[in-house]
Each structure stands twice: as structure tokens, then as C-alpha cells.
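Student: Structure file target-v3.cif, mmCIF, C-alpha atoms, is pasted below:
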data_work
loop_
_atom_site.group_PDB
_atom_site.id
_atom_site.type_symbol
_atom_site.label_atom_id
_atom_site.label_comp_id
_atom_site.auth_asym_id
_atom_site.auth_seq_id
_atom_site.Cartn_x
_atom_site.Cartn_y
_atom_site.Cartn_z
ATOM 1 C CA PHE A 58 0.000 0.000 0.000
ATOM 2 C CA VAL A 59 3.004 2.323 0.189
ATOM 3 C CA HIS A 60 3.934 3.148 -3.393
ATOM 4 C CA ASN A 61 6.270 5.956 -2.317
ATOM 5 C CA VAL A 62 9.204 4.780 -0.168
ATOM 6 C CA ALA A 63 9.634 8.329 1.142
ATOM 7 C CA LEU A 64 6.354 7.863 3.045
ATOM 8 C CA ILE A 65 7.771 5.114 5.258
ATOM 9 C CA PRO A 66 9.629 7.298 7.826
ATOM 10 C CA PRO A 67 6.672 9.640 8.519
ATOM 11 C CA LEU A 68 4.301 6.666 8.419
ATOM 12 C CA VAL A 69 6.280 4.817 11.094
ATOM 13 C CA GLY A 70 6.884 7.926 13.213
ATOM 14 C CA VAL A 71 3.278 9.070 13.244
ATOM 15 C CA GLY A 72 2.191 5.432 13.619
ATOM 16 C CA VAL A 73 4.287 5.063 16.775
ATOM 17 C CA LEU A 74 2.881 8.307 18.177
ATOM 18 C CA LEU A 75 -0.624 7.013 17.459
ATOM 19 C CA ALA A 76 0.295 3.645 18.991
ATOM 20 C CA ALA A 77 1.476 5.279 22.219
ATOM 21 C CA ALA A 78 -1.886 7.001 22.597
ATOM 22 C CA SER A 79 -3.815 3.837 21.792
ATOM 23 C CA ALA A 80 -1.700 1.528 23.956
ATOM 24 C CA GLY A 81 -1.688 4.054 26.795
ATOM 25 C CA PHE A 82 -5.464 4.271 26.753
ATOM 26 C CA PHE A 83 -6.340 0.599 26.284
ATOM 27 C CA GLY A 84 -3.496 -0.706 28.434
ATOM 28 C CA THR A 85 -4.309 1.577 31.349
ATOM 29 C CA ASN A 86 -7.968 0.595 31.122
ATOM 30 C CA ALA A 87 -7.089 -3.089 30.980
ATOM 31 C CA TYR A 88 -4.605 -3.179 33.853
ATOM 32 C CA MET A 89 -5.920 -0.480 36.166
ATOM 33 C CA GLY A 90 -7.798 -2.972 38.337
ATOM 34 C CA ALA A 91 -4.811 -5.274 38.780
ATOM 35 C CA VAL A 92 -2.441 -2.384 39.519
ATOM 36 C CA LEU A 93 -4.839 -0.900 42.064
ATOM 37 C CA ASP A 94 -5.419 -4.289 43.722
ATOM 38 C CA GLU A 95 -1.657 -4.781 44.012
ATOM 39 C CA ARG A 96 -1.399 -1.407 45.739
ATOM 40 C CA GLY A 97 -4.307 -2.139 48.091
ATOM 41 C CA ARG A 98 -6.466 0.472 46.328
ATOM 42 C CA GLY A 99 -8.930 -1.841 44.571
ATOM 43 C CA ASP A 100 -11.879 0.082 46.046
ATOM 44 C CA ASP A 101 -10.834 3.112 43.975
ATOM 45 C CA LEU A 102 -11.248 1.303 40.652
ATOM 46 C CA ALA A 103 -14.740 2.500 39.742
ATOM 47 C CA GLY A 104 -13.985 6.152 40.444
ATOM 48 C CA LEU A 105 -10.613 6.123 38.708
ATOM 49 C CA LEU A 106 -11.991 4.313 35.648
ATOM 50 C CA PHE A 107 -14.793 6.860 35.443
ATOM 51 C CA ALA A 108 -12.315 9.743 35.709
ATOM 52 C CA PHE A 109 -9.900 8.146 33.246
ATOM 53 C CA ASN A 110 -12.525 7.488 30.605
ATOM 54 C CA GLY A 111 -14.182 10.846 31.238
ATOM 55 C CA THR A 112 -11.003 12.552 30.115
ATOM 56 C CA GLN A 113 -11.760 11.316 26.604
ATOM 57 C CA VAL A 114 -14.811 13.578 26.545
ATOM 58 C CA ALA A 115 -12.871 16.469 28.083
ATOM 59 C CA GLY A 116 -10.009 16.044 25.627
ATOM 60 C CA SER A 117 -12.383 15.905 22.670
ATOM 61 C CA LEU A 118 -14.136 19.078 23.795
ATOM 62 C CA LEU A 119 -10.767 20.747 24.326
ATOM 63 C CA MET A 120 -9.726 19.875 20.783
ATOM 64 C CA ILE A 121 -13.019 21.198 19.395
ATOM 65 C CA ALA A 122 -12.299 24.485 21.158
ATOM 66 C CA VAL A 123 -8.573 24.905 20.403
ATOM 67 C CA GLY A 124 -7.702 22.200 17.875
ATOM 68 C CA GLN A 125 -7.142 24.581 14.973
ATOM 69 C CA THR A 126 -4.483 26.345 17.023
ATOM 70 C CA LEU A 127 -2.744 23.106 18.045
ATOM 71 C CA VAL A 128 -2.883 20.886 14.945
ATOM 72 C CA GLY A 129 0.225 21.039 12.821
ATOM 73 C CA ARG A 130 2.456 22.438 15.543
ATOM 74 C CA ARG A 131 5.213 20.425 17.176
ATOM 75 C CA TRP A 132 4.967 21.725 20.742
ATOM 76 C CA PRO A 133 1.481 20.257 21.427
ATOM 77 C CA VAL A 134 2.675 16.844 20.221
ATOM 78 C CA ILE A 135 5.697 17.102 22.522
ATOM 79 C CA ALA A 136 3.521 18.263 25.427
ATOM 80 C CA VAL A 137 1.034 15.394 25.191
ATOM 81 C CA ALA A 138 3.785 12.803 24.615
ATOM 82 C CA ALA A 139 5.550 14.109 27.741
ATOM 83 C CA GLY A 140 2.253 14.186 29.638
ATOM 84 C CA LEU A 141 1.476 10.612 28.658
ATOM 85 C CA THR A 142 4.916 9.507 29.808
ATOM 86 C CA LEU A 143 4.597 11.348 33.134
ATOM 87 C CA GLY A 144 1.056 10.115 33.667
ATOM 88 C CA LEU A 145 2.011 6.474 33.134
ATOM 89 C CA LEU A 146 5.074 6.872 35.338
ATOM 90 C CA GLY A 147 2.958 8.477 38.060
ATOM 91 C CA PHE A 148 0.378 5.707 37.857
ATOM 92 C CA ALA A 149 3.036 2.997 37.985
ATOM 93 C CA LEU A 150 5.291 4.434 40.675
ATOM 94 C CA GLY A 151 3.577 7.355 42.365
ATOM 95 C CA GLY A 152 2.081 7.324 45.794
ATOM 96 C CA SER A 153 -1.620 7.168 46.514
ATOM 97 C CA GLY A 154 -1.934 10.946 46.370
ATOM 98 C CA LEU A 155 -0.769 10.925 42.750
ATOM 99 C CA LEU A 156 -3.165 8.275 41.454
ATOM 100 C CA LEU A 157 -6.004 10.560 40.397
ATOM 101 C CA ALA A 158 -3.680 13.176 38.853
ATOM 102 C CA ALA A 159 -1.719 10.471 36.987
ATOM 103 C CA VAL A 160 -4.889 8.842 35.669
ATOM 104 C CA LEU A 161 -6.355 12.173 34.559
ATOM 105 C CA LEU A 162 -3.119 13.215 32.849
ATOM 106 C CA THR A 163 -2.763 9.859 31.091
ATOM 107 C CA GLY A 164 -6.351 9.882 29.861
ATOM 108 C CA LEU A 165 -6.302 13.463 28.637
ATOM 109 C CA CYS A 166 -2.975 13.038 26.849
ATOM 110 C CA THR A 167 -4.023 9.802 25.119
ATOM 111 C CA CYS A 168 -7.094 11.549 23.740
ATOM 112 C CA VAL A 169 -5.358 14.697 22.545
ATOM 113 C CA GLN A 170 -2.384 12.766 21.134
ATOM 114 C CA LEU A 171 -4.691 10.531 19.098
ATOM 115 C CA ILE A 172 -6.570 13.524 17.680
ATOM 116 C CA LEU A 173 -3.343 15.379 16.883
ATOM 117 C CA MET A 174 -1.890 12.374 15.048
ATOM 118 C CA VAL A 175 -4.986 11.710 12.958
ATOM 119 C CA SER A 176 -5.159 15.412 12.082
ATOM 120 C CA LEU A 177 -1.540 15.492 10.897
ATOM 121 C CA VAL A 178 -1.972 13.274 7.837
ATOM 122 C CA PRO A 179 -3.084 15.944 5.338
ATOM 123 C CA LEU A 180 -0.392 18.292 6.678
ATOM 124 C CA LEU A 181 2.485 15.849 6.177
ATOM 125 C CA VAL A 182 2.018 14.737 2.581
ATOM 126 C CA PRO A 183 0.345 15.877 -0.629
ATOM 127 C CA GLU A 184 -3.343 15.019 -0.944
ATOM 128 C CA ARG A 185 -2.704 12.149 -3.382
ATOM 129 C CA GLU A 186 -0.514 10.398 -0.769
ATOM 130 C CA SER A 187 -2.644 11.048 2.311
ATOM 131 C CA GLY A 188 -4.602 7.793 1.946
ATOM 132 C CA ALA A 189 -1.450 5.687 1.909
ATOM 133 C CA LEU A 190 -0.001 7.560 4.871
ATOM 134 C CA ALA A 191 -3.225 7.237 6.857
ATOM 135 C CA ALA A 192 -3.543 3.514 6.085
ATOM 136 C CA GLY A 193 0.050 2.843 7.070
ATOM 137 C CA MET A 194 -0.163 5.024 10.166
ATOM 138 C CA PHE A 195 -3.277 3.194 11.363
ATOM 139 C CA ALA A 196 -1.725 -0.197 10.598
ATOM 140 C CA VAL A 197 1.393 0.604 12.637
ATOM 141 C CA GLY A 198 -0.567 2.430 15.332
ATOM 142 C CA TYR A 199 -3.183 -0.196 16.007
ATOM 143 C CA LEU A 200 -0.854 -3.166 15.607
ATOM 144 C CA LEU A 201 1.478 -1.718 18.253
ATOM 145 C CA GLY A 202 -1.543 -0.470 20.194
ATOM 146 C CA PHE A 203 -2.599 -4.116 20.516
ATOM 147 C CA LEU A 204 0.783 -5.806 20.914
ATOM 148 C CA VAL A 205 2.292 -3.453 23.495
ATOM 149 C CA PRO A 206 -0.469 -3.922 26.124
ATOM 150 C CA LEU A 207 -0.383 -7.650 25.351
ATOM 151 C CA ALA A 208 3.342 -7.625 26.160
ATOM 152 C CA GLY A 209 2.443 -6.021 29.484
ATOM 153 C CA GLY A 210 0.119 -8.906 30.224
ATOM 154 C CA VAL A 211 2.868 -11.387 29.400
ATOM 155 C CA LEU A 212 5.182 -9.611 31.866
ATOM 156 C CA VAL A 213 2.533 -9.873 34.565
ATOM 157 C CA ASP A 214 1.984 -13.566 33.809
ATOM 158 C CA LEU A 215 5.730 -14.233 34.015
ATOM 159 C CA THR A 216 6.416 -12.236 37.176
ATOM 160 C CA GLY A 217 3.134 -11.884 39.048
ATOM 161 C CA ILE A 218 3.834 -8.137 39.423
ATOM 162 C CA ALA A 219 0.837 -6.180 38.125
ATOM 163 C CA ARG A 220 2.659 -2.860 37.759
ATOM 164 C CA LEU A 221 4.968 -4.416 35.169
ATOM 165 C CA ALA A 222 2.010 -4.369 32.776
ATOM 166 C CA LEU A 223 2.649 -0.639 32.506
ATOM 167 C CA LEU A 224 6.329 -1.016 31.557
ATOM 168 C CA PRO A 225 5.775 -1.641 27.811
ATOM 169 C CA LEU A 226 3.273 1.236 27.760
ATOM 170 C CA LEU A 227 5.841 3.492 29.385
ATOM 171 C CA LEU A 228 8.602 2.430 26.994
ATOM 172 C CA LEU A 229 6.366 3.140 24.003
ATOM 173 C CA ALA A 230 5.430 6.513 25.508
ATOM 174 C CA LEU A 231 9.138 7.349 25.910
ATOM 175 C CA LEU A 232 9.768 6.348 22.287
ATOM 176 C CA SER A 233 6.876 8.554 21.191
ATOM 177 C CA LEU A 234 8.327 11.457 23.184
ATOM 178 C CA GLY A 235 11.641 11.026 21.391
ATOM 179 C CA LEU A 236 9.852 10.979 18.037
ATOM 180 C CA ALA A 237 7.811 14.044 18.988
ATOM 181 C CA LEU A 238 10.977 15.934 19.875
ATOM 182 C CA ASN A 239 12.330 15.200 16.393
ATOM 183 C CA LEU A 240 9.087 15.764 14.498
ATOM 184 C CA ARG A 241 9.312 18.320 11.715
ATOM 185 C CA LEU A 242 6.085 19.934 10.615
ATOM 186 C CA ALA A 243 5.583 22.215 7.621
ATOM 187 C CA ARG A 244 3.425 24.638 9.653
ATOM 188 C CA GLU A 245 6.442 25.539 11.808
ATOM 189 C CA ARG A 246 9.034 25.858 9.048
#
Translate this file's structure into C-alpha cells.
Tutor:
Amino acid sequence: FVHNVALIPPLVGVGVLLAAASAGFFGTNAYMGAVLDERGRGDDLAGLLFAFNGTQVAGSLLMIAVGQTLVGRRWPVIAVAAGLTLGLLGFALGGSGLLLAAVLLTGLCTCVQLILMVSLVPLLVPERESGALAAGMFAVGYLLGFLVPLAGGVLVDLTGIARLALLPLLLLALLSLGLALNLRLARER
């Protein structure tokens, strides 16, 4: 589906950024209960899941309000990639007082990062190549978005340590932050 080899680097880069958002969202949802149980905070699951998933609505409304200002700029991509990384780190390692803030930050950043990545396609390539870039980006993004949380589950099965489910999510978030820092967008040239 990629007839232009020059599309492969942006396809993979944007695909990984999309994957970090997807894996961060689905992986946190999937393993939140186990991580909270391990920390003796299982009673907080319903409230934290509600808050976490509610950020998807808040992030969508935020992007409706300010999306035109943010799309196509590098700094918002860097900010949400950093926020996702910090949120996952806070959820994995932070004390009880950080749980709600970490969950809210992770949820909001996954939403905004996904919207920013999907919105980038027509800004990265000419119109005739946008379909190929979008198809490749979604293939990379959702394949990694599935496999990375699955790897977290394998780590938990091997070790019995629930928080290790977040390690692959965190590593992908760090990779996405590195890619965001090196992202070059035409709007900022």
C-alpha cells in the first residue's frame, strides 16, 4: 500500500505516536484494576476508571475548542507525549496521592495525542498520498496499540507483578516522546 518509499519514515513515526496514545489508553484501562489491587487500592477502581474514561470527553471538547491552534504544531505533540509519559510513570510508581492526577493526565494526553496524530496526515504529505499515509499510520498504530499492552500482560503472567504491565506502555510513551521531539512539521518551518 506504500507506493512511495519516502512515506515510510513519517508513516512509522506518526504510527508510533498514534500507537502510544492507543496503547496508553487501552493498556491503562485493561490493567488499572490489577495495579490498584496490588497497591491495596482496589476500592478506587470504579472512580478512577470513570475519571480516566471521562477525560476522553474532556479532551475531545478541548480539541473542538482549540484544535485549529494546536494541529500542525510540534509543541502540542511534545507536550502530550511528555504528559502521557509522566502520567504512566505516576500511575506505575507514584504514591496514593498521585493516582487521580496520573490517571487524569494519562487519559487526557491519550485523547489529545490521538486527535493530533490523525489530524496530521493531510499536513504531512500531498493530498494524493494522504490515503497511503493514513492507512500505514493506522496499521502501525493499532498493531502496536494491541501488541504493546499484550506484552504487558505477558510480563505480569511471568512475574506476578501487576505494575509491570505498565512497563511496555511506558517504553512506548518514551519512544513517542523522542519521536515528537524530532518531528518536523511544515506549519512551523
Student: When distances are computed from all atoms listed in the file, which of A:Gly154, A:Gly116, A:Pro206, A:Gly147 shows the smallest separation from Gln170 of chain A?
Tutor: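 That would be A:Gly116, the residue with the smallest distance to Gln170 of chain A.
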Student: Within 7 Å of Gly90 of chain A, counting all atoms listed in the file, which residues show up once you throw out same-chain ones fewer than 4 positions away? Write them as JSON, numbers by chain, please.
Tutor: {"A": [94, 99, 102]}
Student: Export C-alpha atoms of the chosen residues as a short mmCIF file (atom, residue, chain, number, x, y, z; two decimals), in the frame of the given file?
Tutor:
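Result file out-v7.cif:
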data_model
loop_
_atom_site.label_atom_id
_atom_site.label_comp_id
_atom_site.auth_asym_id
_atom_site.auth_seq_id
_atom_site.Cartn_x
_atom_site.Cartn_y
_atom_site.Cartn_z
CA ASP A 94 -5.42 -4.29 43.72
CA GLY A 99 -8.93 -1.84 44.57
CA LEU A 102 -11.25 1.30 40.65
#
Student: Would you write out, as an MDAnalysis selection string, every residue that the PyMOL selection byres ((chain A and resi 213) around 12) captures in this file?
Tutor: chainID A and resid 88 91:92 95 206:212 214:225
Student: Output as JSON the centre and edge lengths (Å, one decimal) of the box along x, y and z of the file that holds every listed atom of segment 210-215 of chain A after adding 6 Å on each side.
Tutor:
{"center_x": 2.9, "center_y": -11.6, "center_z": 32.0, "size_x": 17.6, "size_y": 17.3, "size_z": 17.2}
Student: Within 10 Å of segment 127-131 of chain A, counting all atoms listed in the file, which residues qualify if same-chain residues fewer than 6 places away don't, as a PyMOL selection string?
Tutor: chain A and resi 120+169+172-181+237-246
Student: Identify which of the residues A:Ala189, A:Leu141, A:Leu118, A:Leu201 lies closest to Leu234 of chain A, counting all atoms listed in the file when measuring atom-to-atom distances.
Tutor: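 Checking each of A:Ala189, A:Leu141, A:Leu118, A:Leu201 against Leu234 of chain A, counting all atoms listed in the file, the winner is A:Leu141.
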Student: What does the structure give for the distance between atom CA of Thr167 of chain A and atom CA of Phe203 of chain A, in Å to one decimal?
Tutor: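 The value is 14.7 Å.
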